[in-house]
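Raw contents of input-v6.tsv, TSV, C-alpha atoms:
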chain	number	residue	atom	x	y	z
A	19	MET	CA	-9.04	-20.64	-37.98
A	20	ALA	CA	-12.17	-21.80	-36.14
A	21	GLU	CA	-10.03	-23.56	-33.52
A	22	ALA	CA	-7.96	-20.38	-33.00
A	23	HIS	CA	-11.16	-18.37	-32.61
A	24	LYS	CA	-12.46	-20.85	-30.05
A	25	SER	CA	-9.18	-20.61	-28.15
A	26	ASN	CA	-9.49	-16.85	-28.04
A	27	ASP	CA	-13.04	-17.16	-26.70
A	28	HIS	CA	-11.83	-19.22	-23.74
A	29	PHE	CA	-9.10	-16.73	-23.00
A	30	GLU	CA	-11.28	-13.63	-23.42
A	31	ALA	CA	-13.86	-15.12	-21.06
A	32	ALA	CA	-11.16	-15.44	-18.41
A	33	ARG	CA	-9.24	-12.23	-19.13
A	34	SER	CA	-10.85	-10.09	-16.40
A	35	MET	CA	-10.31	-12.79	-13.80
A	36	LEU	CA	-6.69	-13.22	-14.86
A	37	MET	CA	-6.08	-9.47	-14.76
A	38	GLY	CA	-7.66	-9.23	-11.32
A	39	LEU	CA	-5.52	-12.10	-10.05
A	40	ALA	CA	-2.25	-10.79	-11.50
A	41	TYR	CA	-2.92	-7.23	-10.30
A	42	ARG	CA	-3.58	-8.37	-6.75
A	43	ILE	CA	-0.42	-10.46	-6.70
A	44	LEU	CA	1.81	-7.75	-8.21
A	45	GLY	CA	0.17	-4.42	-7.30
A	46	SER	CA	1.09	-3.10	-10.74
A	47	VAL	CA	-1.16	-2.81	-13.78
A	48	ALA	CA	1.75	-2.85	-16.24
A	49	GLU	CA	3.28	-5.97	-14.68
A	50	ALA	CA	-0.12	-7.64	-14.52
A	51	GLU	CA	-0.72	-6.92	-18.20
A	52	ASP	CA	2.63	-8.51	-19.06
A	53	VAL	CA	1.73	-11.63	-17.07
A	54	VAL	CA	-1.69	-11.90	-18.71
A	55	GLN	CA	-0.14	-11.49	-22.16
A	56	ASP	CA	2.42	-14.22	-21.38
A	57	THR	CA	-0.45	-16.43	-20.19
A	58	TYR	CA	-2.22	-15.85	-23.50
A	59	LEU	CA	0.89	-16.85	-25.46
A	60	SER	CA	1.18	-20.04	-23.40
A	61	TRP	CA	-2.50	-20.79	-24.00
A	62	MET	CA	-2.16	-20.37	-27.76
A	63	ALA	CA	0.94	-22.58	-27.84
A	64	VAL	CA	-0.50	-25.53	-25.91
A	65	GLU	CA	-2.53	-28.47	-27.24
A	66	GLN	CA	-5.95	-27.57	-25.87
A	67	THR	CA	-8.02	-30.62	-26.68
A	68	GLY	CA	-6.98	-32.36	-23.46
A	69	ILE	CA	-7.73	-29.42	-21.18
A	70	GLU	CA	-11.03	-30.09	-19.43
A	71	ARG	CA	-11.28	-26.79	-17.54
A	72	PRO	CA	-9.67	-23.96	-19.50
A	73	SER	CA	-10.36	-21.38	-16.78
A	74	SER	CA	-8.47	-23.43	-14.17
A	75	TRP	CA	-5.61	-24.05	-16.57
A	76	LEU	CA	-5.36	-20.34	-17.33
A	77	ALA	CA	-5.52	-19.39	-13.64
A	78	THR	CA	-2.76	-21.88	-12.85
A	79	VAL	CA	-0.44	-20.59	-15.57
A	80	CYS	CA	-1.21	-16.97	-14.69
A	81	THR	CA	-0.51	-17.61	-11.01
A	82	ARG	CA	2.83	-19.26	-11.67
A	83	LYS	CA	3.92	-16.46	-13.99
A	84	ALA	CA	2.74	-13.80	-11.54
A	85	VAL	CA	4.59	-15.45	-8.63
A	86	ASP	CA	7.78	-15.61	-10.73
A	87	SER	CA	7.33	-11.96	-11.68
A	88	LEU	CA	6.69	-11.03	-8.04
A	89	ARG	CA	9.94	-12.61	-6.91
A	90	SER	CA	11.83	-10.44	-9.42
A	91	ALA	CA	9.77	-7.37	-8.52
A	92	ARG	CA	10.41	-7.79	-4.78
A	93	GLN	CA	14.13	-7.86	-5.44
A	94	ALA	CA	13.83	-4.59	-7.38
A	95	ARG	CA	11.61	-3.02	-4.71
A	96	THR	CA	14.38	-3.35	-2.13
A	97	GLN	CA	16.16	-0.64	-4.16
A	98	TYR	CA	13.01	1.48	-4.52
A	99	VAL	CA	13.39	5.16	-3.59
A	100	GLY	CA	11.05	5.99	-0.69
A	101	ALA	CA	7.81	4.18	0.07
A	102	TRP	CA	6.36	1.71	-2.44
A	103	LEU	CA	2.59	1.83	-2.96
A	104	PRO	CA	0.45	-0.23	-5.36
A	105	GLU	CA	-0.60	1.41	-8.60
A	106	PRO	CA	-4.04	3.05	-8.26
A	107	ILE	CA	-6.83	1.93	-10.58
A	108	HIS	CA	-10.29	3.23	-11.36
A	109	THR	CA	-12.90	0.73	-10.20
A	110	GLN	CA	-16.15	2.48	-11.12
A	111	VAL	CA	-15.70	2.44	-14.90
A	112	LEU	CA	-15.09	-1.24	-15.60
A	113	GLU	CA	-16.94	-2.52	-18.62
A	114	THR	CA	-19.05	-5.39	-17.33
A	115	PRO	CA	-20.35	-6.80	-14.03
A	116	GLU	CA	-17.91	-9.68	-14.46
A	117	SER	CA	-15.03	-7.21	-14.88
A	118	GLU	CA	-16.16	-5.28	-11.83
A	119	LEU	CA	-16.30	-8.43	-9.74
A	120	ALA	CA	-12.87	-9.53	-10.87
A	121	LEU	CA	-11.10	-6.23	-10.35
A	122	SER	CA	-12.92	-4.11	-7.79
A	123	GLN	CA	-13.30	-6.43	-4.80
A	124	ASN	CA	-10.43	-6.60	-2.34
A	125	VAL	CA	-8.24	-4.12	-4.18
A	126	THR	CA	-8.02	-1.32	-1.64
A	127	THR	CA	-4.57	0.16	-1.19
A	128	ALA	CA	-4.52	-1.03	2.42
A	129	PHE	CA	-5.44	-4.59	1.40
A	130	LEU	CA	-2.76	-4.71	-1.30
A	131	LEU	CA	-0.14	-3.41	1.13
A	132	VAL	CA	-1.02	-6.18	3.58
A	133	LEU	CA	-0.64	-8.71	0.76
A	134	GLU	CA	2.77	-7.19	0.04
A	135	ARG	CA	3.96	-8.48	3.42
A	136	LEU	CA	3.13	-12.07	2.52
A	137	ALA	CA	5.52	-14.43	0.79
A	138	PRO	CA	4.73	-14.89	-2.94
A	139	LYS	CA	3.18	-18.39	-2.64
A	140	GLU	CA	1.36	-17.43	0.55
A	141	ARG	CA	-0.16	-14.45	-1.22
A	142	ALA	CA	-1.14	-16.48	-4.27
A	143	ALA	CA	-2.66	-19.29	-2.19
A	144	PHE	CA	-4.78	-16.85	-0.19
A	145	LEU	CA	-6.03	-15.04	-3.30
A	146	LEU	CA	-6.90	-18.19	-5.22
A	147	ARG	CA	-8.74	-19.70	-2.26
A	148	ASP	CA	-10.42	-16.75	-0.51
A	149	VAL	CA	-10.86	-14.22	-3.32
A	150	PHE	CA	-11.32	-16.47	-6.35
A	151	ALA	CA	-12.92	-19.38	-4.46
A	152	MET	CA	-10.84	-22.18	-5.97
A	153	ASN	CA	-10.79	-25.56	-4.25
A	154	TYR	CA	-7.75	-26.41	-2.15
A	155	ASP	CA	-6.70	-29.18	-4.52
A	156	GLU	CA	-6.80	-26.75	-7.45
A	157	VAL	CA	-4.81	-24.14	-5.54
A	158	ALA	CA	-2.24	-26.74	-4.50
A	159	ALA	CA	-1.88	-27.89	-8.09
A	160	SER	CA	-1.47	-24.30	-9.28
A	161	LEU	CA	1.36	-23.71	-6.81
A	162	GLU	CA	2.87	-27.19	-7.21
A	163	ILE	CA	2.63	-27.98	-3.48
A	164	SER	CA	0.71	-30.52	-1.40
A	165	GLU	CA	-2.84	-29.79	-0.33
A	166	ALA	CA	-1.76	-29.85	3.33
A	167	ALA	CA	0.94	-27.25	2.64
A	168	CYS	CA	-1.59	-25.20	0.73
A	169	ARG	CA	-4.00	-25.17	3.68
A	170	LYS	CA	-1.17	-24.00	5.96
A	171	LEU	CA	-0.29	-21.16	3.58
A	172	VAL	CA	-3.89	-19.96	3.42
A	173	SER	CA	-4.33	-20.23	7.19
A	174	ARG	CA	-1.15	-18.26	7.82
A	175	ALA	CA	-2.18	-15.58	5.32
A	176	ARG	CA	-5.60	-15.23	6.94
A	177	ALA	CA	-3.99	-14.80	10.36
A	178	ASN	CA	-1.66	-12.09	9.06
A	179	LEU	CA	-4.52	-10.27	7.38
A	180	ARG	CA	-6.67	-10.37	10.53
A	181	LYS	CA	-3.91	-8.67	12.50
A	182	THR	CA	-3.69	-5.67	10.19
A	183	GLN	CA	-7.01	-5.33	8.37
A	184	SER	CA	-10.20	-3.68	9.60
A	185	THR	CA	-13.02	-6.18	9.19
A	186	GLN	CA	-15.70	-3.55	8.71
A	187	SER	CA	-16.88	-1.96	5.49
A	188	VAL	CA	-16.56	1.83	5.64
A	189	PRO	CA	-19.88	3.59	4.90
A	190	LYS	CA	-19.84	5.69	1.74
A	191	SER	CA	-21.06	8.71	3.74
A	192	ARG	CA	-17.99	8.46	5.99
A	193	GLN	CA	-15.69	8.27	2.99
A	194	GLU	CA	-17.37	11.32	1.47
A	195	GLU	CA	-16.96	13.20	4.76
A	196	LEU	CA	-13.24	12.44	4.90
A	197	VAL	CA	-12.62	13.31	1.26
A	198	SER	CA	-14.48	16.61	1.68
A	199	ALA	CA	-12.52	17.44	4.83
A	200	PHE	CA	-9.18	16.61	3.18
A	201	LYS	CA	-10.04	18.75	0.18
A	202	ALA	CA	-10.99	21.65	2.45
A	203	ALA	CA	-7.70	21.30	4.30
A	204	ILE	CA	-5.80	21.59	1.02
A	205	SER	CA	-7.87	24.30	-0.63
A	206	GLU	CA	-8.78	26.45	2.37
A	207	GLY	CA	-6.26	25.50	5.02
A	208	SER	CA	-9.12	24.44	7.31
A	209	LEU	CA	-8.16	21.53	9.56
A	210	THR	CA	-11.06	21.49	11.99
A	211	GLN	CA	-13.15	18.88	10.21
A	212	LEU	CA	-10.20	16.73	9.11
A	213	ALA	CA	-8.64	16.63	12.59
A	214	GLY	CA	-11.78	14.98	13.94
A	215	LEU	CA	-11.69	12.27	11.27
A	216	LEU	CA	-8.08	11.16	11.73
A	217	SER	CA	-6.93	8.45	14.09
A	218	SER	CA	-4.47	9.78	16.66
A	219	GLU	CA	-2.02	7.20	15.29
A	220	ALA	CA	-2.64	8.07	11.63
A	221	THR	CA	0.24	7.72	9.18
A	222	LEU	CA	1.02	9.37	5.85
A	223	SER	CA	3.24	7.92	3.13
A	224	ALA	CA	3.97	8.91	-0.46
A	225	ASP	CA	5.28	7.02	-3.49
A	226	SER	CA	7.36	9.06	-5.91
A	227	GLY	CA	9.67	6.35	-7.20
A	228	GLY	CA	12.39	9.01	-6.94
A	229	LYS	CA	10.99	10.66	-10.08
A	230	VAL	CA	9.31	13.71	-8.53
A	231	ILE	CA	9.56	15.57	-5.25
A	232	ALA	CA	7.72	13.82	-2.41
A	233	ILE	CA	8.25	12.96	1.21
A	234	ARG	CA	10.27	9.74	1.53
A	235	GLN	CA	9.72	8.80	5.14
A	236	THR	CA	6.40	7.76	6.63
A	237	LEU	CA	4.90	10.36	8.97
A	238	GLU	CA	3.38	8.99	12.17
A	239	GLY	CA	0.72	10.58	14.36
A	240	SER	CA	-2.16	12.89	13.47
A	241	ASP	CA	-0.26	16.03	14.50
A	242	ALA	CA	2.57	15.27	12.07
A	243	VAL	CA	0.09	14.42	9.29
A	244	LEU	CA	-1.92	17.62	9.80
A	245	SER	CA	1.22	19.77	9.90
A	246	PHE	CA	2.45	18.25	6.65
A	247	ILE	CA	-0.90	18.93	4.97
A	248	THR	CA	-0.98	22.60	5.99
A	249	GLU	CA	2.70	23.40	5.61
A	250	VAL	CA	3.58	21.37	2.50
A	251	LEU	CA	0.60	20.01	0.57
A	252	SER	CA	-1.70	23.01	0.80
A	253	PRO	CA	0.84	25.52	-0.59
A	254	ALA	CA	2.09	23.04	-3.23
A	255	TRP	CA	-1.39	22.21	-4.52
A	256	GLN	CA	-2.90	25.70	-4.60
A	257	GLY	CA	-4.39	26.35	-8.04
A	258	THR	CA	-4.74	22.66	-8.87
A	259	GLU	CA	-7.95	20.81	-9.65
A	260	ILE	CA	-8.87	18.35	-6.88
A	261	VAL	CA	-11.69	15.94	-7.66
A	262	ALA	CA	-13.18	12.95	-5.85
A	263	SER	CA	-13.03	9.62	-7.66
A	264	GLU	CA	-13.37	5.94	-6.82
A	265	LEU	CA	-9.94	4.32	-6.82
A	266	ASN	CA	-9.31	0.77	-5.64
A	267	SER	CA	-12.87	0.43	-4.35
A	268	GLY	CA	-12.67	3.47	-2.10
A	269	LEU	CA	-13.41	7.17	-2.45
A	270	ALA	CA	-10.17	9.03	-3.14
A	271	LEU	CA	-8.91	12.35	-4.49
A	272	ILE	CA	-7.20	12.98	-7.81
A	273	VAL	CA	-5.06	16.13	-8.08
A	274	ARG	CA	-4.57	17.59	-11.56
A	275	ASP	CA	-2.42	20.46	-12.75
A	276	ALA	CA	-3.16	21.81	-16.24
A	277	GLY	CA	-5.28	18.70	-16.88
A	278	LYS	CA	-2.53	16.23	-15.95
A	279	THR	CA	-2.76	14.03	-12.87
A	280	ILE	CA	0.06	14.84	-10.44
A	281	ALA	CA	-1.19	12.96	-7.37
A	282	ALA	CA	-3.79	10.54	-6.08
A	283	VAL	CA	-4.74	10.42	-2.41
A	284	SER	CA	-6.41	7.37	-0.87
A	285	PHE	CA	-7.15	6.28	2.68
A	286	ALA	CA	-7.32	3.34	5.06
A	287	TYR	CA	-9.66	3.25	8.06
A	288	ASP	CA	-9.67	1.75	11.52
A	289	ASP	CA	-12.61	-0.06	13.09
A	290	GLY	CA	-14.04	3.26	14.30
A	291	PHE	CA	-14.07	4.56	10.70
A	292	ASN	CA	-11.34	7.11	11.39
A	293	ALA	CA	-8.61	7.48	8.79
A	294	SER	CA	-5.66	5.38	9.93
A	295	SER	CA	-3.48	5.93	6.84
A	296	VAL	CA	-3.14	8.50	4.07
A	297	PHE	CA	-1.53	7.21	0.87
A	298	ILE	CA	-0.27	9.70	-1.70
A	299	MET	CA	0.73	8.44	-5.13
A	300	ARG	CA	3.12	10.82	-6.89
A	301	ASN	CA	5.01	8.44	-9.18
A	302	PRO	CA	4.11	9.63	-12.70
A	303	ASP	CA	4.49	6.12	-14.13
A	304	LYS	CA	1.77	4.85	-11.77
A	305	LEU	CA	-0.51	7.83	-12.41
A	306	ALA	CA	-0.51	7.72	-16.19
A	307	ARG	CA	-3.55	5.43	-16.50
A	308	LEU	CA	-5.68	7.75	-14.38
A	309	ASP	CA	-5.62	10.21	-17.29
A	310	GLU	CA	-6.88	7.63	-19.76
A	311	PRO	CA	-10.58	7.76	-20.76

Just give me the structure of the file as structure tokens.
Amino acid sequence: MAEAHKSNDHFEAARSMLMGLAYRILGSVAEAEDVVQDTYLSWMAVEQTGIERPSSWLATVCTRKAVDSLRSARQARTQYVGAWLPEPIHTQVLETPESELALSQNVTTAFLLVLERLAPKERAAFLLRDVFAMNYDEVAASLEISEAACRKLVSRARANLRKTQSTQSVPKSRQEELVSAFKAAISEGSLTQLAGLLSSEATLSADSGGKVIAIRQTLEGSDAVLSFITEVLSPAWQGTEIVASELNSGLALIVRDAGKTIAAVSFAYDDGFNASSVFIMRNPDKLARLDEP
């Protein structure tokens, strides 16, 4: 019994890190939870006395399971109805500083979508090295590749991320300004403030999973985005409750109807701090956790 309790202590100490790793690889809380649970079962089944670094062992097993799960998920996502977006998560209500560190950093919707373009091992190698600060030899062992191959994967991932990611942190005041302007556009039909905060090349995409009504194609250009907001979103969301909340480490909007979340709106920014992308989550399966306490 004491040995089992000790085993649980090792796992519980690493749980937040494992969840953060699996979520970043998969972009889905439910799939990440399944991977972490499978990792726990593997941990409890193994002879632990010979494991010198339990956290590294757990990260390795979690990574391999997440990569396997990602390969299956990517196959399924080719049949996905409309745009696929990562599941939004609250990042301001995590229980401990360790949990916040593990889950809230580098989990913006834009960042996760860039990761989605990387091959499974490339994504895992980058996360283990640059987000979780593992040594190259540990990362290589986790992915069952040579250290030289590992370095190439990480280098290639960094290059891809640099091409598509803004390197600047968006000031909270700018995020508040955008969220306020977007809310005014929905509630009052006022576009003046929002128009000045959108990039001319802004895009808008929505994830419904085919389960509710939502636009399936990505809109391109600020004029198209603004027209959609005034002609479609504003009439559809009249009478709803629209509140600001921190999702995926950025200020976002949650839309509720009769107390139930029906949409979440998040943003990506360019280097001038203008909104370059608007992401609307409508898939009820991916919104369910936003209603949890």

Please provide as a list in words all residues within 10 Å of Phe285 of chain A, with the sequence filter that same-chain residues fewer than 5 positions apart are discarded (counting all atoms listed in the file).
->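 After dropping sequence-adjacent residues, the list is Thr126, Thr127, Ala128, Gln193, Leu196, Val197, Thr221, Leu222, Gly268, Leu269, Ala270, Leu271, Asn292, Ala293, Ser294, Ser295, Val296, Phe297 and Ile298 of chain A.
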
Counting all atoms listed in the file, the residue of A:Val230, A:Ala224, A:Cys168, A:Val261 that sits nearest Glu194 of chain A | A:Val261

Could you pull the residues within 9 Å of Leu161 of chain A, counting all atoms listed in the file, minus those fewer than 5 positions along the same chain, as a list of chain:residue names?
->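 Here the qualifying residues turn out to be A:Thr78, A:Thr81, A:Arg82, A:Lys139, A:Ala142, A:Ala143, A:Glu156, A:Cys168.
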
Which residue gives the smallest distance to Leu130 of chain A among A:Phe246, A:Trp61, A:Trp102, A:Trp75, with all atoms listed in the file counted?
-> A:Trp102

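Computed from the coordinates, the atom CA of Ile260 of chain A to atom CA of Asn301 of chain A distance equals 17.2 Å.
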
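The nearest approach to Leu145 of chain A among the residues A:Ala91, A:Ser240, A:Gly257, A:Leu39, with all atoms listed in the file taken into account, belongs to A:Leu39.
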
Suppose you want the space between atom CA of Ile247 of chain A and atom CA of Lys181 of chain A; what is it in Å?
-> 28.8 Å

From the list A:Ala199, A:Ala167, A:Ala137, A:Leu36, which residue is nearest Gln211 of chain A when using all atoms listed in the file?
->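 Looking at the shortest contact to Gln211 of chain A, the residue is A:Ala199.
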
Among listed residues A:Asp225, A:Glu70, A:Asp56, A:Asp275, nearest Pro106 of chain A (using all atoms listed in the file) |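 Smallest separation from Pro106 of chain A among the options: A:Asp225.
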
Given the choices A:Leu237, A:Lys190, A:Leu215, A:Ala77, which gets closest to Ala159 of chain A if the distance is worked out from all atoms listed in the file?
-> A:Ala77

By how many Å are atom CA of Ala281 of chain A and atom CA of Ser226 of chain A apart?
->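 Atom-to-atom, atom CA of Ala281 of chain A and atom CA of Ser226 of chain A are spaced 9.5 Å apart.
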
Do a neighbour search on Val125 of chain A at 10 Å with only C-alpha atoms, toss out local chain neighbours closer than 5 positions, and write the hits as a ChimeraX atom specification.
-> /A:38,41-42,45,104,106-107,109,120,130-131,265-268

Test item: residues at most 10 Å from Asp86 of chain A, all atoms listed in the file, excluding those fewer than 6 positions along its chain, as a list in words = Val53, Cys80, Pro138 and Lys139 of chain A

Non-local contacts of Phe291 of chain A (9 Å; all atoms listed in the file; under 2 positions in same chain excluded) as a PyMOL selection string | chain A and resi 186-189+192-193+215-217+286-289+293-294

Could you give me the centre and size, in Å to one decimal, of an axis-aligned box around all listed atoms of segment 161-173 of chain A with 5 Å added on every side, as AutoDock Vina command-line options?
--center_x -0.7 --center_y -25.2 --center_z 0.0 --size_x 17.2 --size_y 20.6 --size_z 24.4
